[in-house]
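Here is the file query-v1.csv (CSV, C-alpha atoms).
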```
chain,number,residue,atom,x,y,z
A,899,MET,CA,22.2,-70.0,81.7
A,900,LYS,CA,24.6,-67.1,82.4
A,901,THR,CA,23.7,-64.5,84.9
A,902,ARG,CA,24.5,-60.8,84.2
A,903,GLN,CA,26.3,-58.8,86.8
A,904,SER,CA,24.3,-55.9,88.2
A,905,ASN,CA,27.2,-53.5,87.8
A,906,PRO,CA,29.6,-54.9,85.1
A,907,ILE,CA,33.2,-53.9,84.9
A,908,PRO,CA,33.8,-51.9,81.7
A,909,ALA,CA,36.0,-53.3,79.0
A,910,GLY,CA,38.0,-51.7,76.2
A,911,THR,CA,37.1,-50.6,72.6
A,912,VAL,CA,38.2,-53.8,71.0
A,913,HIS,CA,39.0,-56.3,73.7
A,914,ARG,CA,36.7,-58.0,76.2
A,915,LEU,CA,37.8,-58.0,79.8
A,916,PRO,CA,39.4,-61.4,80.5
A,917,LYS,CA,38.2,-63.3,83.6
A,918,ASP,CA,41.5,-63.2,85.5
A,919,LEU,CA,41.9,-59.4,85.1
A,920,ARG,CA,38.2,-58.9,86.0
A,921,GLN,CA,38.7,-60.9,89.2
A,922,ALA,CA,41.8,-58.9,90.1
A,923,LEU,CA,40.0,-55.6,89.6
A,924,ALA,CA,36.9,-56.8,91.4
A,925,GLY,CA,39.1,-57.7,94.4
A,926,ASP,CA,40.6,-54.3,94.8
A,927,ALA,CA,38.1,-51.4,95.2
A,928,ASP,CA,40.6,-48.6,94.7
A,929,ALA,CA,41.9,-50.2,91.4
A,930,LEU,CA,38.4,-50.9,90.2
A,931,GLU,CA,37.3,-47.3,90.8
A,932,ARG,CA,40.4,-46.0,88.9
A,933,TRP,CA,39.7,-48.6,86.1
A,934,LYS,CA,36.2,-47.2,85.7
A,935,ASN,CA,37.6,-43.7,85.3
A,936,LEU,CA,39.9,-44.7,82.5
A,937,THR,CA,38.7,-44.0,78.9
A,938,PRO,CA,37.6,-47.1,76.9
A,939,LEU,CA,40.7,-46.7,74.7
A,940,ALA,CA,43.0,-46.7,77.8
A,941,ARG,CA,41.3,-49.7,79.2
A,942,ASN,CA,41.7,-51.4,75.8
A,943,GLU,CA,45.5,-50.8,75.9
A,944,TRP,CA,45.8,-52.4,79.4
A,945,ILE,CA,43.7,-55.4,78.3
A,946,CYS,CA,45.6,-55.9,75.1
A,947,TRP,CA,48.9,-55.7,77.0
A,948,VAL,CA,47.8,-58.4,79.4
A,949,LEU,CA,46.5,-60.6,76.6
A,950,ASP,CA,49.9,-60.1,74.7
A,951,ALA,CA,51.8,-62.0,77.4
A,952,ARG,CA,53.1,-65.3,76.1
A,953,LYS,CA,53.7,-67.1,79.4
A,954,ALA,CA,51.2,-67.5,82.3
A,955,ASP,CA,53.6,-66.1,84.9
A,956,THR,CA,54.2,-63.0,82.7
A,957,ARG,CA,50.4,-62.6,82.4
A,958,GLN,CA,50.0,-62.7,86.2
A,959,ARG,CA,52.8,-60.1,86.7
A,960,ARG,CA,51.1,-57.9,84.2
A,961,ILE,CA,47.7,-58.2,85.9
A,962,GLU,CA,49.3,-57.2,89.2
A,963,ARG,CA,51.0,-54.3,87.4
A,964,VAL,CA,47.6,-53.1,86.0
A,965,ARG,CA,46.3,-53.0,89.6
A,966,THR,CA,49.2,-51.2,91.1
A,967,GLU,CA,50.1,-48.9,88.2
A,968,ILE,CA,46.6,-47.5,87.7
A,969,LYS,CA,46.4,-46.8,91.4
A,970,GLU,CA,49.7,-44.9,91.0
A,971,GLY,CA,47.9,-42.8,88.3
A,972,MET,CA,49.2,-44.4,85.1
A,973,ARG,CA,46.7,-44.2,82.3
A,974,ARG,CA,48.3,-46.7,79.9
A,975,PRO,CA,51.0,-49.4,80.0
A,976,CYS,CA,54.5,-47.9,79.9
A,977,CYS,CA,56.9,-48.6,77.0
A,978,TRP,CA,54.3,-50.5,75.0
A,979,PRO,CA,53.5,-49.5,71.4
A,980,GLY,CA,49.8,-50.0,71.8
A,981,CYS,CA,47.1,-52.3,70.7
A,982,PRO,CA,47.7,-53.6,67.2
A,983,HIS,CA,44.1,-54.8,66.9
A,984,ARG,CA,42.5,-51.4,66.9
A,985,LYS,CA,41.7,-49.9,63.5
A,986,LYS,CA,43.3,-46.7,62.8
A,987,ASN,CA,41.2,-43.8,61.5
A,988,PRO,CA,42.0,-42.9,57.9
```
So, in terms of structure tokens, how does the structure I just supplied come out?
Amino acid sequence: MKTRQSNPIPAGTVHRLPKDLRQALAGDADALERWKNLTPLARNEWICWVLDARKADTRQRRIERVRTEIKEGMRRPCCWPGCPHRKKNP
């Protein structure tokens, strides 16, 4: 039986928060607070960017960049076209 967290970390609009990114955010109070202040759409962009990595080492670098760049005030991943999985409004 799975137990629910008392204060879950919010995810994005399309993507669920992967375990490795969740753990990285949970281990950094400042990054977690800034993550919670992002819009669901912005969180989705970060999550999709991490999930888009093809190699494990690239994914780990991106997770570290999420932590550091949101603490620097970035709202979305730089130089990335955005989540292709989100439906566009007509």
Item to check | Test item: residues at most 12 Å from region 963-973 of chain A, all atoms listed in the file, excluding those fewer than 6 positions along its chain, as a ChimeraX atom specification | outcome: /A:918-948,956-957
Item to check | Computed interatomic separation between CA of Lys985 (chain A) and CA of Asp955 (chain A) (Å) | outcome: 29.4 Å
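The gap separating CA of Trp978 (chain A) from CA of Ala951 (chain A) is 12.0 Å, in Å to one decimal.
For the atom pair formed by CA of Arg952 (chain A) and CA of Lys917 (chain A), the distance is 16.8 Å, given to one decimal.
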